[in-house]
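Data block below; observations after.
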Amino acid sequence: MRKIVLFAILWLSISCVNAGEIVVGVLGPMDVPEGYSQLKAVQLAAEEINAAGGILGNKIKVVYGDDKLKPDVGASEFRRLAEIEKAKVIIGGFSSGVMLATMEVMAETKTLFLADSSTPQASAKVAENYEKYKYWFRLQNNATTFAYDTEDMIRYLISKGYEVKKVYIIKDEHIWTEDVTKALYPILEKLGVQVVKDVKIPRGYSEFEKLIIEAEKLDADLIIPILALTGTDDVLVKQWATLKPKILLAGHTITAIDADFYERTNGAANYLIFSAHGGVVVTSPPTQMCKHFIEAYRSKYGKYPEAHQAYGAYDALYLYKTAVENAFKAGEKDPFDPEVVVKYLEMFNESNPIELTRKIAFTSNHDLAWGDKYVKNWVSQWQDGKQYILYPEKMATAELKLPPWFKEEKKTPGFELLLAMIAIVAVALRLRG
Amino acid sequence: MSAVASLVIYGAVIGGIWALVAAGFSLIFGVMRVLNFGHGAIFISAAYATVAFAAFGMHIAFVGSLLIGLAVGLIIYFLIKPVRKKEITAVIVTLAFALLVQHLLLLIFGNRGLTVQPVVDGLFEVFGAKFAAIRVVTLIAAILVLLALETVMRTSFGKQITAVSEDSDAAMLLGIDVERVYLLVILISSLLAAIAGYFYVQVFSVNPELGLKVLIYAFAIVILGGLGSIKGSVISSFILGYIIAATILFLSPRWSELVMLLAIVLTLIIRPYGIFGVKE
Amino acid sequence: MKLAFIYFLTGLLAYFILPEAYLYTVGFAMLFAALSASWDLTVGYTGQVNLGHTTFVGLGAYIFAVLLAGRLGFEFNIYVAFLAAILVSASLGAAFGAIALRLRGYYFALITAILPLVFMQTVFIFSEVFGGEEGFSIGLERGVTPEWRYLFALLVSFAVLSILLLIVRSRFGVRFMAIRDNEELAEAIGIDTTKYKVLSFTISSAMAGFVGAAIVLYRITVSPDLYSVDLMLMIILASVVGGIGTIYGPFFFGLLVYLLKVFVVREFLLSFGLRMSDEIILYAILIIAAIMMPNGIAAMFKRHIKRID
């Protein structure tokens with residue numbers, strides 16, 4: 001016990017805060033791209049801002065906490081960043097479970113939290129108890145907006161002459177997918193689209209072939225995946241490309257947004273239609289700053305941003321800087337006081353968005369505003385190893401491409417091979433006897 | 001008809017892959033009385049090796065995955081050698097090793113799923129049921145490997161294995177090099193798991209969490225089939241494969257894991273020593 | 001028992017010395033220490049390899065949280081919720097133990113390894129009640145107030161430690177150890193081995209449920225990580241390095257391992273410029289410790305511990 005006390009005292013003396021320095025904390029699972037890409041993005045932003053003189057003359061120091069995707073570790077790390085490292089603002093968080101646990105610590109320590117994570121539960125808390133949770137702002141779209149993205153997607157497909165009458169939904173058993181389908185069903189009804197089946201799958205599920213075949217039997221025109229946490233959306237894409245059904249695969253497959261998804265699936269992702277959650281695909285940045293960010297990230301780290309969370313994290317630091325500077329200009333006594341910064345962040349509302357890598361505006365619940373003028377999950381498609389935006393028109397970089405197997409008559413490769421293999425087994429059995 | 005045909009194929013393919021893993025797990029336990037919690041690590045390392053070597057062609061990848069599988073098996077052999085007599089410690093060491101491998105793979109390959117182009121492309125259509133050709137190839141390969149294992153068990157070396165598993169002290173008195181048998185048993189089991197990994201990544205994909213999942217399937221199978229019985233493991237692999245396939249087909253995919261686990265608990269209550277297990 | 005009191009007093013002293021953010025983590029470490037000590041009662045004293053301790057941690061936590069937060073439509077009093085968490089964990093432990101403990105050690109290990117996964121599945125399938133993958137929050141106002149939080153953890157861990165020590169030093173403890181050392185002999189001298197194995201498993205499970213509920217009260221949220229294999233491995237790591245069958249070993253090493261994991265290992269790795277998960281180091285330590293020192297570090301100090309105590 002004494003050792004621990006000694007150690008803690010030692011620790012404290014090291015981590016004294018220097019004057020003229022603003023500490024920014026990054027919290028995330030640092031073993032996976034969702035976490036470390038955020039850290040790298042914030043470090044990049046901090047370097048840029050420091051080179052230009054910092055925030056009101058204060059240099060930014062980036063510290064980070066690794067939540068390991070565990071709520072208790074996340075809560076501890078958040079507290080450490082806030083109270084020991086004296087972080088003025090914490091950026092990051094990923095995974096709803098960790099987010100819920102850290103939000104409680106945030107409420108208690110009254111620390112500004114510019115967060116990732118799409119769970120509807122989080123902004124619901126702000127609505128429920130504003131005073132307590134007002135320090136939280138989200139830089140990703142609320143997951144429920146995915147229903148509206150799907151509407152865009154279907155309308156777009158119909159406008160391009162692809163008939164959508166029946167859809168087959170595959171969603172993970174995560175709670176937010178329920179919120180999505182709740183909003184999606186009336187939309188589909190309005191569009192005159194019938195849901196032939198709505199299947200829930202568990203984490204790590206890999207037998208998609210059966211579901212695709214069932215969709216084919218039920219005469220579906222579209223398979224809509226709503227997948228974020230299964231970790232196996234690549235298997236769905238692969239099995240779809242193997243079975244080659246005359247059904248488009250279009251929906252929310254979260255890892256399809258990654259720049260290396262095509263390579264990872266060995267090209268099976270070709271012709272997959274997905275909604276670019278986070279509002280950016282690397283090949284077509286929506287703003288000037290986004291273009292700069294992608295290139296700067298690549299030249300610093302040798303890779304494109306590994307996960308879409310990076311854009312939110314990069315935006316977060318610039319957003320914080322702007323809000324603090326605005327507060328200073330308005331003559332606030334302590335422009336770094338979280339109570340003050342919250343007010344100035346809230347000024348970026350739907351009628352006053354700020355253009356960063358995306359156009360950021362907050363709703364009254366501190367959710368990110370969704371829409372063409374703000375951040376939207378563009379309808380995108382993988383075509384021959386590249387991501388293209390299909391819709392909205394003014395963003396579009398390519399036309400819809402249907403998979404080549406939609407035209408060809410399907411050939412069923414021979415019984416011969418099957419027979420040959422059965423023969424091998426028979427011979428083996430004979431040899432054994 | 002097509003529902004029956006697809007059930008037959010899907011169940012058999014899942015069963016075939018798990019049979020390769022579970023047979024090795026069972027063999028190691030039967031001979032060495034060690035629960036090898038690191039068995040999933042062999043499987044998953046071989047699967048990742050397949051991905052890593054796929055660029056050189058699938059034949060090279062096959063050899064590569066087998067070699068990596070054998071290497072991991074060898075590490076496990078040396079890890080459990082000093083603690084073989086202590087059941088708790090052996091479990092802890094192999095389980096820790098499994099998680100160590102999982103985190104190393106996470107570090108090297110990242111957390112996203114990876115996959116390769118299967119050796120055989122295309123589809124089969126039998127009685128109106130469609131399935132990827134690679135599934136059939138996998139099933140046939142699994143059957144051939146299991147038959148080969150059975151053949152090995154009938155040779156004089158196989159008899160040595162049986163002797164050691166029945167009574168290692170007596171086997172030693174008979175002049176059998178028990179240590180050599182232990183080593184070869186681990187290598188054979190590693191080979192089986194590596195082959196399973198090589199085919200699994202072609203049908204599905206591989207991610208770091210898969211190692212534990214495979215291990216859990218292996219547990220379920222040996223509990224169902226009876227510890228140490230290879231025949232029991234193989235048969236219960238197929239039973240389990242059909243349970244999973246039928247649940248997905250007739251009930252709902254989300255129930256598949258729970259139904260499998262409940263089947264295990266149920267077996268446990270009715271026949272605590274498994275279907276083919278013998279009360280010791 | 002002296003050591004337990006020393007622990008309590010040191011913990012109290014730390015309350016006045018350490019800053020709040022450290023206390024928060026130390027509190028977590030204390031609750032974790034209580035978990036690994038309660039695991040020891042089955043593994044270290046009756047020699048049954050229980051790999052499913054987190055089943056009862058998670059179960060206690062979820063029962064408690066569901067009742068307290070009124071997820072079944074009616075909010076229960078905190079004491080009722082605590083009692084329910086303990087009772088449910090204990091009865092499941094008893095029922096499960098009665099079936100599984102008749103089996104050989106290997107079977108028991110395998111089956112307990114599967115058990116938490118069954119319960120984890122229920123969280124996903126009945127997600128309306130249990131909150132699914134993300135879990136749910138019981139609400140800040142229902143948790144322990146920040147000033148009391150650390151003391152609450154200290155008290156819980158002290159209570160668990162004391163009860164465990166009292167049990168292993170009673171006539172029950174002697175019988176447990178007799179079973180561990182030689183089951184046939186124990187049976188021969190008239191000990192109903194199954195009964196005592198089930199008893200120790202039940203107590204250990206009840207305590208896991210109790211600590212699980214305490215963790216919820218401490219961190220406000222509940223989620224499936226409480227059922228996870230990682231948590232189980234941490235418990236095993238602490239107990240094996242600390243020395244199973246000593247209660248003190250798993251307890252104090254639980255405390256130490258948790259703090260080391262949070263405070264030291266990562267910094268150590270960073271100082272070498274390694275961006276590497278600290279789990280890799282921990283598992284490597286576990287493997288080496290299990291092979292080199294099968295009896296744990298506590299065994300080396302056993303005589304000293306006895307003298308102080």
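Chain labels follow the order of the structure tokens: the first chain is A, the next B, and so on; residue numbering restarts at 1 in every chain, and ligands are counted from 1 in their shown order.
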
Subject >> Surrounding residues of Gly143 of chain C excluding itself and chain neighbours under 5 positions, 12 Å, only C-alpha atoms, as a list in words >> reply: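 The residues satisfying every condition are Glu104, Val105 and Glu108 of chain A; Phe64, Ala65, Leu68, Ala69, Ile78, Ser137, Ile138, Trp148, Arg149, Phe152, Ala213, Ala214, Ile215, Val216, Leu217, Tyr218, Arg219, Ile220, Thr221 and Val222 of chain C.
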
Create the file for the chosen residues now, containing N, CA and C atoms and written as a PDB file, in the first residue's frame.
```
ATOM      1  N   GLU A 104     -21.291   9.704 -17.309  1.00  0.00           N
ATOM      2  CA  GLU A 104     -21.567   9.938 -15.882  1.00  0.00           C
ATOM      3  C   GLU A 104     -20.387  10.640 -15.224  1.00  0.00           C
ATOM      4  N   VAL A 105     -19.176  10.211 -15.574  1.00  0.00           N
ATOM      5  CA  VAL A 105     -17.991  10.861 -15.019  1.00  0.00           C
ATOM      6  C   VAL A 105     -17.902  12.294 -15.519  1.00  0.00           C
ATOM      7  N   GLU A 108     -20.117  14.485 -13.588  1.00  0.00           N
ATOM      8  CA  GLU A 108     -19.626  14.736 -12.242  1.00  0.00           C
ATOM      9  C   GLU A 108     -18.451  15.708 -12.249  1.00  0.00           C
TER      10      GLU A 108
ATOM     11  N   PHE C  64     -29.239  -6.729  -9.873  1.00  0.00           N
ATOM     12  CA  PHE C  64     -29.255  -5.528  -9.038  1.00  0.00           C
ATOM     13  C   PHE C  64     -29.686  -4.308  -9.858  1.00  0.00           C
ATOM     14  N   ALA C  65     -29.030  -4.129 -11.021  1.00  0.00           N
ATOM     15  CA  ALA C  65     -29.292  -2.937 -11.831  1.00  0.00           C
ATOM     16  C   ALA C  65     -30.722  -2.928 -12.367  1.00  0.00           C
ATOM     17  N   LEU C  68     -33.079  -2.174  -9.425  1.00  0.00           N
ATOM     18  CA  LEU C  68     -32.914  -0.826  -8.892  1.00  0.00           C
ATOM     19  C   LEU C  68     -33.428   0.227  -9.863  1.00  0.00           C
ATOM     20  N   ALA C  69     -33.106   0.043 -11.151  1.00  0.00           N
ATOM     21  CA  ALA C  69     -33.489   1.051 -12.139  1.00  0.00           C
ATOM     22  C   ALA C  69     -34.920   0.852 -12.631  1.00  0.00           C
ATOM     23  N   ILE C  78     -33.017  -0.295  -2.638  1.00  0.00           N
ATOM     24  CA  ILE C  78     -31.634  -0.704  -2.866  1.00  0.00           C
ATOM     25  C   ILE C  78     -31.258  -1.965  -2.070  1.00  0.00           C
ATOM     26  N   SER C 137     -27.498   2.562 -17.885  1.00  0.00           N
ATOM     27  CA  SER C 137     -27.048   3.327 -16.723  1.00  0.00           C
ATOM     28  C   SER C 137     -28.166   3.327 -15.687  1.00  0.00           C
ATOM     29  N   ILE C 138     -27.801   3.184 -14.411  1.00  0.00           N
ATOM     30  CA  ILE C 138     -28.859   3.201 -13.394  1.00  0.00           C
ATOM     31  C   ILE C 138     -29.177   4.636 -13.005  1.00  0.00           C
ATOM     32  N   TRP C 148     -18.726   9.356  -0.905  1.00  0.00           N
ATOM     33  CA  TRP C 148     -18.785   8.067  -0.216  1.00  0.00           C
ATOM     34  C   TRP C 148     -18.260   6.908  -1.050  1.00  0.00           C
ATOM     35  N   ARG C 149     -18.078   7.177  -2.322  1.00  0.00           N
ATOM     36  CA  ARG C 149     -17.810   6.080  -3.229  1.00  0.00           C
ATOM     37  C   ARG C 149     -16.598   5.235  -2.827  1.00  0.00           C
ATOM     38  N   PHE C 152     -17.112   3.323   0.282  1.00  0.00           N
ATOM     39  CA  PHE C 152     -18.008   2.206   0.003  1.00  0.00           C
ATOM     40  C   PHE C 152     -17.216   1.012  -0.537  1.00  0.00           C
ATOM     41  N   ALA C 213     -22.888  -6.459  -7.869  1.00  0.00           N
ATOM     42  CA  ALA C 213     -23.863  -5.402  -7.589  1.00  0.00           C
ATOM     43  C   ALA C 213     -23.162  -4.141  -7.093  1.00  0.00           C
ATOM     44  N   ALA C 214     -22.140  -4.334  -6.251  1.00  0.00           N
ATOM     45  CA  ALA C 214     -21.403  -3.180  -5.726  1.00  0.00           C
ATOM     46  C   ALA C 214     -20.703  -2.421  -6.857  1.00  0.00           C
ATOM     47  N   ILE C 215     -20.199  -3.176  -7.836  1.00  0.00           N
ATOM     48  CA  ILE C 215     -19.523  -2.529  -8.968  1.00  0.00           C
ATOM     49  C   ILE C 215     -20.510  -1.631  -9.717  1.00  0.00           C
ATOM     50  N   VAL C 216     -21.748  -2.125  -9.887  1.00  0.00           N
ATOM     51  CA  VAL C 216     -22.763  -1.318 -10.568  1.00  0.00           C
ATOM     52  C   VAL C 216     -23.007  -0.024  -9.809  1.00  0.00           C
ATOM     53  N   LEU C 217     -23.130  -0.139  -8.514  1.00  0.00           N
ATOM     54  CA  LEU C 217     -23.391   1.033  -7.686  1.00  0.00           C
ATOM     55  C   LEU C 217     -22.219   2.007  -7.761  1.00  0.00           C
ATOM     56  N   TYR C 218     -21.043   1.461  -7.948  1.00  0.00           N
ATOM     57  CA  TYR C 218     -19.833   2.272  -7.981  1.00  0.00           C
ATOM     58  C   TYR C 218     -19.676   2.990  -9.306  1.00  0.00           C
ATOM     59  N   ARG C 219     -19.910   2.250 -10.417  1.00  0.00           N
ATOM     60  CA  ARG C 219     -19.635   2.893 -11.706  1.00  0.00           C
ATOM     61  C   ARG C 219     -20.904   3.318 -12.437  1.00  0.00           C
ATOM     62  N   ILE C 220     -22.062   3.128 -11.811  1.00  0.00           N
ATOM     63  CA  ILE C 220     -23.360   3.624 -12.309  1.00  0.00           C
ATOM     64  C   ILE C 220     -23.899   2.826 -13.504  1.00  0.00           C
ATOM     65  N   THR C 221     -23.029   2.176 -14.254  1.00  0.00           N
ATOM     66  CA  THR C 221     -23.538   1.482 -15.435  1.00  0.00           C
ATOM     67  C   THR C 221     -23.281  -0.021 -15.344  1.00  0.00           C
ATOM     68  N   VAL C 222     -24.047  -0.756 -16.120  1.00  0.00           N
ATOM     69  CA  VAL C 222     -23.845  -2.201 -16.199  1.00  0.00           C
ATOM     70  C   VAL C 222     -23.761  -2.562 -17.671  1.00  0.00           C
TER      71      VAL C 222
END
```

Subject >> Spatial neighbours of Pro208 of chain B, max dist 7 Å, only C-alpha atoms, sep filter under 4 positions, as a list in words >> reply: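 Non-adjacent residues within range: Gln102, Leu105, Leu106 and Asn111 of chain B.
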
Would you tabulate, counting only C-alpha atoms, all residues of chain C that have an atom at most 6 Å from an atom of chain A, showing the closest pair of atoms and their distance in Å to one decimal, sorted by chain then ascending number, as JSON lines?
```
{"residue": "C:Ala21", "atom": "CA", "partner": "A:Arg80", "partner_atom": "CA", "distance": 5.6}
{"residue": "C:Thr25", "atom": "CA", "partner": "A:Ser76", "partner_atom": "CA", "distance": 5.8}
{"residue": "C:Glu134", "atom": "CA", "partner": "A:Gly97", "partner_atom": "CA", "distance": 3.9}
{"residue": "C:Gly135", "atom": "CA", "partner": "A:Gly97", "partner_atom": "CA", "distance": 5.9}
{"residue": "C:Thr221", "atom": "CA", "partner": "A:Ala101", "partner_atom": "CA", "distance": 5.7}
```

Written selection (all heavy atoms) as a PDB file, in the first residue's frame:
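Output saved as part.pdb:
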```pdb
ATOM      1  N   ALA C  21      -9.120  11.503  -8.241  1.00  0.00           N
ATOM      2  CA  ALA C  21      -9.084  10.684  -9.455  1.00  0.00           C
ATOM      3  C   ALA C  21      -8.365   9.359  -9.207  1.00  0.00           C
ATOM      4  O   ALA C  21      -8.736   8.333  -9.764  1.00  0.00           O
ATOM      5  CB  ALA C  21      -8.400  11.433 -10.593  1.00  0.00           C
ATOM      6  N   THR C  25      -9.844   5.057  -9.118  1.00  0.00           N
ATOM      7  CA  THR C  25      -9.253   3.837  -9.674  1.00  0.00           C
ATOM      8  C   THR C  25      -8.912   2.842  -8.570  1.00  0.00           C
ATOM      9  O   THR C  25      -9.114   1.639  -8.727  1.00  0.00           O
ATOM     10  CB  THR C  25      -7.989   4.186 -10.474  1.00  0.00           C
ATOM     11  OG1 THR C  25      -8.320   5.226 -11.382  1.00  0.00           O
ATOM     12  CG2 THR C  25      -7.484   2.994 -11.248  1.00  0.00           C
ATOM     13  N   GLU C 134     -24.688  -2.429 -25.293  1.00  0.00           N
ATOM     14  CA  GLU C 134     -24.230  -1.202 -24.648  1.00  0.00           C
ATOM     15  C   GLU C 134     -24.549  -1.135 -23.163  1.00  0.00           C
ATOM     16  O   GLU C 134     -24.056  -0.263 -22.471  1.00  0.00           O
ATOM     17  CB  GLU C 134     -24.749   0.031 -25.378  1.00  0.00           C
ATOM     18  CG  GLU C 134     -26.206   0.042 -25.706  1.00  0.00           C
ATOM     19  CD  GLU C 134     -26.562   1.226 -26.624  1.00  0.00           C
ATOM     20  OE1 GLU C 134     -26.299   1.167 -27.827  1.00  0.00           O
ATOM     21  OE2 GLU C 134     -27.110   2.191 -26.104  1.00  0.00           O
ATOM     22  N   GLY C 135     -25.364  -2.046 -22.682  1.00  0.00           N
ATOM     23  CA  GLY C 135     -25.729  -2.006 -21.278  1.00  0.00           C
ATOM     24  C   GLY C 135     -26.631  -0.824 -20.967  1.00  0.00           C
ATOM     25  O   GLY C 135     -27.229  -0.253 -21.869  1.00  0.00           O
ATOM     26  N   THR C 221     -23.029   2.176 -14.254  1.00  0.00           N
ATOM     27  CA  THR C 221     -23.538   1.482 -15.435  1.00  0.00           C
ATOM     28  C   THR C 221     -23.281  -0.021 -15.344  1.00  0.00           C
ATOM     29  O   THR C 221     -22.421  -0.480 -14.597  1.00  0.00           O
ATOM     30  CB  THR C 221     -22.867   1.978 -16.727  1.00  0.00           C
ATOM     31  OG1 THR C 221     -21.464   1.751 -16.623  1.00  0.00           O
ATOM     32  CG2 THR C 221     -23.125   3.439 -16.950  1.00  0.00           C
TER      33      THR C 221
END
```

Original post:
Between A:Glu263, A:Asp219, A:Asp67, A:Glu207, which has the minimum distance to Pro245 of chain A (counting only C-alpha atoms)?
Top reply: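 Once distances to Pro245 of chain A are computed over only C-alpha atoms, the minimum belongs to A:Asp219.
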
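Using only C-alpha atoms, the residues found no farther than 12 Å from Leu92 of chain C, other than those of its own chain fewer than 4 positions away, are His53, Thr55, Phe56, Val57, Leu59, Gly60, Ala84, Ala85, Ile86, Leu87, Val88, Phe96, Gly97, Ala98, Ile99, Ala100, Leu115, Phe119, Val198, Phe201, Thr202, Ile203, Ser204, Ser205, Ala206, Ala208 and Gly209 of chain C.
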
Could you please take those selected residues and save N, CA, C and O atoms as a CSV table (one decimal), in the first residue's frame?
```csv
chain,number,residue,atom,x,y,z
C,53,HIS,N,-16.5,-17.8,-12.9
C,53,HIS,CA,-16.8,-16.9,-11.8
C,53,HIS,C,-17.5,-15.6,-12.3
C,53,HIS,O,-18.4,-15.1,-11.6
C,55,THR,N,-19.7,-15.4,-14.4
C,55,THR,CA,-21.2,-15.6,-14.5
C,55,THR,C,-21.9,-14.9,-13.4
C,55,THR,O,-22.9,-14.3,-13.6
C,56,PHE,N,-21.4,-15.1,-12.2
C,56,PHE,CA,-22.1,-14.7,-11.0
C,56,PHE,C,-21.9,-13.2,-10.8
C,56,PHE,O,-22.7,-12.5,-10.2
C,57,VAL,N,-20.7,-12.7,-11.2
C,57,VAL,CA,-20.4,-11.2,-11.1
C,57,VAL,C,-21.5,-10.5,-12.0
C,57,VAL,O,-22.1,-9.6,-11.6
C,59,LEU,N,-24.3,-11.7,-13.3
C,59,LEU,CA,-25.6,-12.0,-12.9
C,59,LEU,C,-26.0,-11.1,-11.7
C,59,LEU,O,-27.1,-10.4,-11.8
C,60,GLY,N,-25.2,-11.0,-10.7
C,60,GLY,CA,-25.5,-10.1,-9.6
C,60,GLY,C,-25.6,-8.7,-10.0
C,60,GLY,O,-26.6,-8.0,-9.6
C,84,ALA,N,-31.6,-9.5,-3.5
C,84,ALA,CA,-32.0,-10.3,-4.6
C,84,ALA,C,-30.7,-10.7,-5.4
C,84,ALA,O,-30.6,-11.9,-5.8
C,85,ALA,N,-29.8,-9.8,-5.6
C,85,ALA,CA,-28.6,-10.1,-6.4
C,85,ALA,C,-27.8,-11.2,-5.7
C,85,ALA,O,-27.4,-12.2,-6.3
C,86,ILE,N,-27.7,-11.2,-4.4
C,86,ILE,CA,-27.0,-12.2,-3.6
C,86,ILE,C,-27.7,-13.5,-3.7
C,86,ILE,O,-27.1,-14.6,-4.0
C,87,LEU,N,-29.0,-13.5,-3.5
C,87,LEU,CA,-29.8,-14.7,-3.4
C,87,LEU,C,-29.8,-15.4,-4.8
C,87,LEU,O,-29.7,-16.6,-4.8
C,88,VAL,N,-30.0,-14.6,-5.8
C,88,VAL,CA,-30.1,-15.3,-7.2
C,88,VAL,C,-28.7,-15.9,-7.5
C,88,VAL,O,-28.6,-17.0,-7.9
C,96,PHE,N,-26.3,-25.1,-9.9
C,96,PHE,CA,-25.3,-25.4,-10.9
C,96,PHE,C,-24.2,-26.3,-10.3
C,96,PHE,O,-23.8,-27.3,-10.9
C,97,GLY,N,-23.8,-25.9,-9.1
C,97,GLY,CA,-22.8,-26.7,-8.4
C,97,GLY,C,-23.3,-28.1,-8.2
C,97,GLY,O,-22.5,-29.1,-8.3
C,98,ALA,N,-24.5,-28.2,-7.8
C,98,ALA,CA,-25.1,-29.6,-7.5
C,98,ALA,C,-25.0,-30.5,-8.7
C,98,ALA,O,-24.7,-31.7,-8.5
C,99,ILE,N,-25.1,-29.9,-9.9
C,99,ILE,CA,-25.0,-30.8,-11.1
C,99,ILE,C,-23.6,-31.0,-11.5
C,99,ILE,O,-23.1,-32.1,-11.6
C,100,ALA,N,-22.8,-29.9,-11.6
C,100,ALA,CA,-21.5,-29.9,-12.2
C,100,ALA,C,-20.4,-30.4,-11.3
C,100,ALA,O,-19.5,-31.0,-11.7
C,115,LEU,N,-20.4,-21.4,-19.1
C,115,LEU,CA,-21.5,-20.8,-18.4
C,115,LEU,C,-21.7,-19.2,-18.6
C,115,LEU,O,-22.8,-18.8,-19.0
C,119,PHE,N,-25.0,-16.8,-20.3
C,119,PHE,CA,-25.7,-15.6,-19.7
C,119,PHE,C,-25.4,-14.4,-20.5
C,119,PHE,O,-26.3,-13.5,-20.6
C,198,VAL,N,-20.1,-28.1,-3.1
C,198,VAL,CA,-21.2,-27.2,-3.5
C,198,VAL,C,-21.3,-26.0,-2.5
C,198,VAL,O,-21.6,-24.9,-3.0
C,201,PHE,N,-18.7,-23.5,-3.4
C,201,PHE,CA,-19.1,-22.9,-4.7
C,201,PHE,C,-20.2,-21.9,-4.5
C,201,PHE,O,-20.2,-20.8,-5.1
C,202,THR,N,-21.2,-22.2,-3.7
C,202,THR,CA,-22.3,-21.4,-3.5
C,202,THR,C,-21.9,-20.1,-2.8
C,202,THR,O,-22.3,-19.0,-3.2
C,203,ILE,N,-21.1,-20.2,-1.8
C,203,ILE,CA,-20.6,-19.0,-1.0
C,203,ILE,C,-19.8,-18.1,-2.0
C,203,ILE,O,-20.0,-16.9,-2.1
C,204,SER,N,-18.9,-18.7,-2.7
C,204,SER,CA,-18.1,-18.0,-3.6
C,204,SER,C,-18.9,-17.3,-4.7
C,204,SER,O,-18.7,-16.1,-5.0
C,205,SER,N,-20.0,-17.9,-5.2
C,205,SER,CA,-20.9,-17.3,-6.2
C,205,SER,C,-21.7,-16.2,-5.6
C,205,SER,O,-21.8,-15.1,-6.2
C,206,ALA,N,-22.2,-16.4,-4.4
C,206,ALA,CA,-23.0,-15.3,-3.7
C,206,ALA,C,-22.1,-14.1,-3.6
C,206,ALA,O,-22.6,-13.0,-3.8
C,208,ALA,N,-19.5,-13.2,-5.4
C,208,ALA,CA,-19.3,-12.6,-6.7
C,208,ALA,C,-20.5,-11.8,-7.1
C,208,ALA,O,-20.4,-10.7,-7.6
C,209,GLY,N,-21.7,-12.3,-6.8
C,209,GLY,CA,-22.9,-11.5,-7.1
C,209,GLY,C,-23.0,-10.3,-6.3
C,209,GLY,O,-23.4,-9.2,-6.8
```

Original post:
Just asking: which residues within segment 326-356 of chain A are alpha helix (DSSP H) according to DSSP, as a ChimeraX atom specification?
Top reply: /A:326-329,338-346

**OP:** Pull out every residue of chain C that has at least one atom within 10 Å of chain B, counting only C-alpha atoms, and report them as a ChimeraX atom specification.
**Re:** /C:43,47-51,96,99-100,102-107,109-111,113-115,117-122,124-125,229-230,233-234,236-237,240,275-292,294-295

Original post:
For chain B against chain A, which residues fall within 9 Å using only C-alpha atoms, given as a PyMOL selection string?
Top reply: chain B and resi 6+10+106-107+110-117+121-126+129-133+136-137+140-141+143-144+147-148+150-151+203-207+209-210+213+245+248-249+252-257

Subject >> Gap from atom CA of Ala45 of chain A to atom CA of Met347 of chain A - Å, one decimal >> reply: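 Interatomic distance, atom CA of Ala45 of chain A to atom CA of Met347 of chain A: 22.2 Å.
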
Original post:
What is the atom CA of Leu266 of chain B-atom CA of Val4 of chain B distance in Å, reported with one decimal?
Top reply: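 Between atom CA of Leu266 of chain B and atom CA of Val4 of chain B the gap is 25.8 Å.
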
Original post:
If you measure from atom CA of Arg298 of chain A to atom CA of Val324 of chain A, what distance in Å do you get, rounded to one decimal?
Top reply: 28.5 Å

**OP:** Using DSSP on the backbone coordinates, identify all residues within segment 72-275 of chain C classified as strand (DSSP E); present the result as a PyMOL selection string.
**Re:** chain C and resi 136-137+221-222
